[in-house]
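*Asks:* Next up is a structure, given as structure tokens.
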Amino acid sequence: MIIAIDGPSASGKGTIARKLASHFNLPYLDTGLLYRWVALHLKNKNYAPDDAAAAANAAIFLRENIKEMGFDDPELRSHAISQPSSVVAAMPEVRRELVELQQQFATQPGGAVLDGRDIGTVIAPQAKIKLFITASAEKRAERRFKELQNKGQTATYEAVLKDLQARDARDESRTTAPSKIAADAVLLDTSDLNVDEAFAAALSIVKENR
Ligand code: DC
């Protein structure tokens, strides 16, 4: 069983994906981490975030060493890496290097849960279970803002909302694998749901579509 989950940031898709993976005892891949890794690598090596050649090389390195990658650097998920990760994610030469390893993960025996922006459309279009998790930009910004406050990172709600909208626009308008709902995906709006309610709704969608 492949569970393909897409949606914008702070929609709740990561939490839902993790909970579904644990419920069904399936391996889980947060594919956003791959683009975040490329962006952080550029930053650490002092390359500009829009240096496509350096980003492609970083993606090749990541592809070749994926088994050794822990993805445990807390900076990967930081606010500072969010914007540059959407810049590298728009580069066809970066996406090309990372498609196959995601497809291998998706098609492993027994199945898998993956979340991202193009799982239902590009990585695993054959998946029988596809969810597109969304929420209003304001609700998502509110969640991200609270998360940052809890981590002690400084940001204003307005700045978080603006960042999120800029990132949504870039992810949705790029030419390669833009973020969009697959024709056969089920839409779940979590704007007015808490974590337990959102998971319960996702679980019933999975059970109906199994
Ligand atoms: O889900 P996230 O915020 O960790 O993703 C980081 C960036 O990577 C985001 O701007 C969208 C992009 N991304 C993508 O283009 N395709 C994916 N499958 C996953 C993430």
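Lettering and numbering for the structure tokens are positional, with chains as A, B, ... in the shown order, residues counted from 1 in each chain, and ligands counted from 1 in the shown order.
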Identify, counting only C-alpha atoms and all ligand atoms, the protein, DNA and RNA residues located within 6 Å of ligand 1, and give them as a PyMOL selection string.
*Replies:* chain A and resi 9+31-33+35-36+82+85-86+89+116-119+167+171
*Asks:* Skip Ala159 (chain A) itself and residues of its chain fewer than 2 positions away, then list as a PyMOL selection string all residues within 12 Å of it, counting only C-alpha atoms.
*Replies:* chain A and resi 79+138+141-142+144-145+148+154-157+161-166
*Asks:* Can those selected residues be exported to a file as a JSON list (two decimals), in the first residue's frame so that it contains N, CA, C and O atoms?
*Replies:*
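Written output follows (part17.json):
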```
[["chain", "number", "residue", "atom", "x", "y", "z"],
["A", 79, "HIS", "N", 13.36, 27.72, 9.77],
["A", 79, "HIS", "CA", 12.68, 28.73, 8.95],
["A", 79, "HIS", "C", 13.64, 29.28, 7.89],
["A", 79, "HIS", "O", 13.26, 29.50, 6.73],
["A", 138, "GLU", "N", -3.81, 31.75, 6.26],
["A", 138, "GLU", "CA", -3.78, 32.40, 7.59],
["A", 138, "GLU", "C", -3.62, 31.36, 8.70],
["A", 138, "GLU", "O", -2.84, 31.53, 9.63],
["A", 141, "ALA", "N", -0.10, 29.96, 8.60],
["A", 141, "ALA", "CA", 0.88, 30.92, 9.13],
["A", 141, "ALA", "C", 0.80, 30.97, 10.65],
["A", 141, "ALA", "O", 1.83, 31.05, 11.33],
["A", 142, "GLU", "N", -0.42, 30.89, 11.17],
["A", 142, "GLU", "CA", -0.62, 30.89, 12.62],
["A", 142, "GLU", "C", 0.10, 29.69, 13.26],
["A", 142, "GLU", "O", 0.80, 29.82, 14.26],
["A", 144, "ARG", "N", 2.62, 27.88, 11.96],
["A", 144, "ARG", "CA", 4.07, 28.00, 11.80],
["A", 144, "ARG", "C", 4.63, 29.03, 12.78],
["A", 144, "ARG", "O", 5.67, 28.82, 13.39],
["A", 145, "PHE", "N", 3.89, 30.13, 12.97],
["A", 145, "PHE", "CA", 4.32, 31.19, 13.88],
["A", 145, "PHE", "C", 4.43, 30.65, 15.31],
["A", 145, "PHE", "O", 5.43, 30.87, 16.00],
["A", 148, "LEU", "N", 7.44, 28.38, 15.67],
["A", 148, "LEU", "CA", 8.69, 29.14, 15.76],
["A", 148, "LEU", "C", 8.85, 29.76, 17.14],
["A", 148, "LEU", "O", 9.94, 29.75, 17.72],
["A", 154, "THR", "N", 12.81, 34.00, 16.48],
["A", 154, "THR", "CA", 12.07, 35.26, 16.39],
["A", 154, "THR", "C", 11.52, 35.46, 14.97],
["A", 154, "THR", "O", 12.22, 35.28, 14.00],
["A", 155, "ALA", "N", 10.25, 35.84, 14.91],
["A", 155, "ALA", "CA", 9.60, 36.15, 13.63],
["A", 155, "ALA", "C", 8.27, 36.79, 13.96],
["A", 155, "ALA", "O", 7.72, 36.56, 15.04],
["A", 156, "THR", "N", 7.74, 37.61, 13.05],
["A", 156, "THR", "CA", 6.40, 38.15, 13.29],
["A", 156, "THR", "C", 5.42, 37.30, 12.48],
["A", 156, "THR", "O", 5.80, 36.67, 11.49],
["A", 157, "TYR", "N", 4.14, 37.33, 12.91],
["A", 157, "TYR", "CA", 3.11, 36.59, 12.18],
["A", 157, "TYR", "C", 3.06, 37.06, 10.72],
["A", 157, "TYR", "O", 2.98, 36.24, 9.80],
["A", 161, "LEU", "N", 3.52, 34.79, 7.38],
["A", 161, "LEU", "CA", 2.47, 34.68, 6.36],
["A", 161, "LEU", "C", 3.01, 35.05, 4.98],
["A", 161, "LEU", "O", 2.76, 34.35, 3.99],
["A", 162, "LYS", "N", 3.80, 36.11, 4.93],
["A", 162, "LYS", "CA", 4.35, 36.57, 3.66],
["A", 162, "LYS", "C", 5.30, 35.52, 3.06],
["A", 162, "LYS", "O", 5.23, 35.19, 1.87],
["A", 163, "ASP", "N", 6.14, 34.96, 3.91],
["A", 163, "ASP", "CA", 7.08, 33.91, 3.50],
["A", 163, "ASP", "C", 6.36, 32.70, 2.94],
["A", 163, "ASP", "O", 6.72, 32.14, 1.91],
["A", 164, "LEU", "N", 5.33, 32.32, 3.67],
["A", 164, "LEU", "CA", 4.56, 31.13, 3.30],
["A", 164, "LEU", "C", 3.86, 31.33, 1.95],
["A", 164, "LEU", "O", 3.86, 30.44, 1.09],
["A", 165, "GLN", "N", 3.32, 32.53, 1.75],
["A", 165, "GLN", "CA", 2.64, 32.83, 0.49],
["A", 165, "GLN", "C", 3.63, 32.86, -0.68],
["A", 165, "GLN", "O", 3.33, 32.37, -1.76],
["A", 166, "ALA", "N", 4.85, 33.38, -0.41],
["A", 166, "ALA", "CA", 5.87, 33.44, -1.46],
["A", 166, "ALA", "C", 6.29, 32.03, -1.85],
["A", 166, "ALA", "O", 6.47, 31.70, -3.02]]
```
*Asks:* How close does region 16-63 of chain A get to region 93-99 of chain A? List, as CSV, each residue of region 16-63 of chain A within 9 Å, its nearest atom pair and the distance in Å to one decimal, counting only C-alpha atoms.
*Replies:*
```
residue,atom,partner,partner_atom,distance
A:Leu34,CA,A:Leu98,CA,7.8
A:Tyr35,CA,A:Val94,CA,8.3
A:Val38,CA,A:Val94,CA,8.5
A:Ala52,CA,A:Glu93,CA,7.5
A:Ala53,CA,A:Glu93,CA,8.3
A:Ala55,CA,A:Val94,CA,6.4
A:Ala56,CA,A:Val94,CA,4.9
A:Asn57,CA,A:Val94,CA,8.3
A:Ala58,CA,A:Val94,CA,8.3
A:Ala59,CA,A:Val94,CA,5.7
A:Ile60,CA,A:Glu97,CA,6.0
A:Leu62,CA,A:Leu98,CA,8.3
A:Arg63,CA,A:Leu98,CA,6.4
```
*Asks:* Using DSSP on the backbone, list every residue of chain A that comes out as strand (DSSP E), and give them as number ranges by chain.
*Replies:* A: 2-6, 28-30, 112-116, 129-134, 186-189
*Asks:* Between A:Pro8, A:Leu188, A:Arg174, A:Ile2, which one has atoms that come closest to Arg210 (chain A), using only C-alpha atoms?
*Replies:*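 Using only C-alpha atoms, Arg210 (chain A) sits closest to A:Ile2.
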*Asks:* For the interface of region 70-151 of chain A with region 195-201 of chain A (cut-off 12 Å, counting only C-alpha atoms), please tabulate each contacting residue of region 70-151 of chain A alongside its nearest pair of atoms and their separation in Å to one decimal, rows sorted by chain and increasing number, as JSON lines.
*Replies:*
```
{"residue": "A:Leu131", "atom": "CA", "partner": "A:Ala201", "partner_atom": "CA", "distance": 10.7}
{"residue": "A:Ile133", "atom": "CA", "partner": "A:Ala198", "partner_atom": "CA", "distance": 9.3}
{"residue": "A:Thr134", "atom": "CA", "partner": "A:Ala198", "partner_atom": "CA", "distance": 10.7}
{"residue": "A:Ala135", "atom": "CA", "partner": "A:Ala198", "partner_atom": "CA", "distance": 11.0}
{"residue": "A:Arg143", "atom": "CA", "partner": "A:Val195", "partner_atom": "CA", "distance": 11.5}
```
*Asks:* With all heavy atoms kept, could you save the residues just selected as a JSON list (two decimals), in the first residue's frame?
*Replies:*
```json
[["chain", "number", "residue", "atom", "x", "y", "z"],
["A", 131, "LEU", "N", -3.81, 11.71, -0.80],
["A", 131, "LEU", "CA", -4.46, 12.78, -0.04],
["A", 131, "LEU", "C", -3.80, 14.09, -0.38],
["A", 131, "LEU", "O", -2.55, 14.15, -0.51],
["A", 131, "LEU", "CB", -4.31, 12.55, 1.46],
["A", 131, "LEU", "CG", -5.21, 11.51, 2.11],
["A", 131, "LEU", "CD1", -4.56, 10.15, 2.03],
["A", 131, "LEU", "CD2", -5.42, 11.87, 3.56],
["A", 133, "ILE", "N", -3.56, 17.52, 1.48],
["A", 133, "ILE", "CA", -3.92, 18.18, 2.74],
["A", 133, "ILE", "C", -3.69, 19.68, 2.59],
["A", 133, "ILE", "O", -2.60, 20.11, 2.19],
["A", 133, "ILE", "CB", -3.02, 17.66, 3.90],
["A", 133, "ILE", "CG1", -2.81, 16.14, 3.84],
["A", 133, "ILE", "CG2", -3.53, 18.13, 5.24],
["A", 133, "ILE", "CD1", -3.88, 15.30, 4.36],
["A", 134, "THR", "N", -4.68, 20.44, 2.94],
["A", 134, "THR", "CA", -4.51, 21.89, 2.84],
["A", 134, "THR", "C", -5.15, 22.59, 4.04],
["A", 134, "THR", "O", -5.75, 21.94, 4.91],
["A", 134, "THR", "CB", -5.06, 22.42, 1.49],
["A", 134, "THR", "OG1", -4.64, 23.76, 1.32],
["A", 134, "THR", "CG2", -6.57, 22.34, 1.43],
["A", 135, "ALA", "N", -4.98, 23.90, 4.09],
["A", 135, "ALA", "CA", -5.62, 24.75, 5.11],
["A", 135, "ALA", "C", -5.42, 26.18, 4.62],
["A", 135, "ALA", "O", -4.55, 26.42, 3.76],
["A", 135, "ALA", "CB", -4.95, 24.56, 6.48],
["A", 143, "ARG", "N", -0.07, 28.52, 12.64],
["A", 143, "ARG", "CA", 0.58, 27.31, 13.17],
["A", 143, "ARG", "C", 2.10, 27.44, 13.12],
["A", 143, "ARG", "O", 2.79, 27.11, 14.08],
["A", 143, "ARG", "CB", 0.18, 26.09, 12.31],
["A", 143, "ARG", "CG", -1.25, 25.68, 12.48],
["A", 143, "ARG", "CD", -1.58, 24.58, 11.48],
["A", 143, "ARG", "NE", -3.00, 24.30, 11.47],
["A", 143, "ARG", "CZ", -3.63, 23.65, 10.51],
["A", 143, "ARG", "NH1", -2.96, 23.18, 9.47],
["A", 143, "ARG", "NH2", -4.92, 23.43, 10.57]]
```
*Asks:* Rounded to one decimal place, report the CA of Phe61 (chain A)-CA of Arg18 (chain A) distance in Å.
*Replies:* 26.4 Å
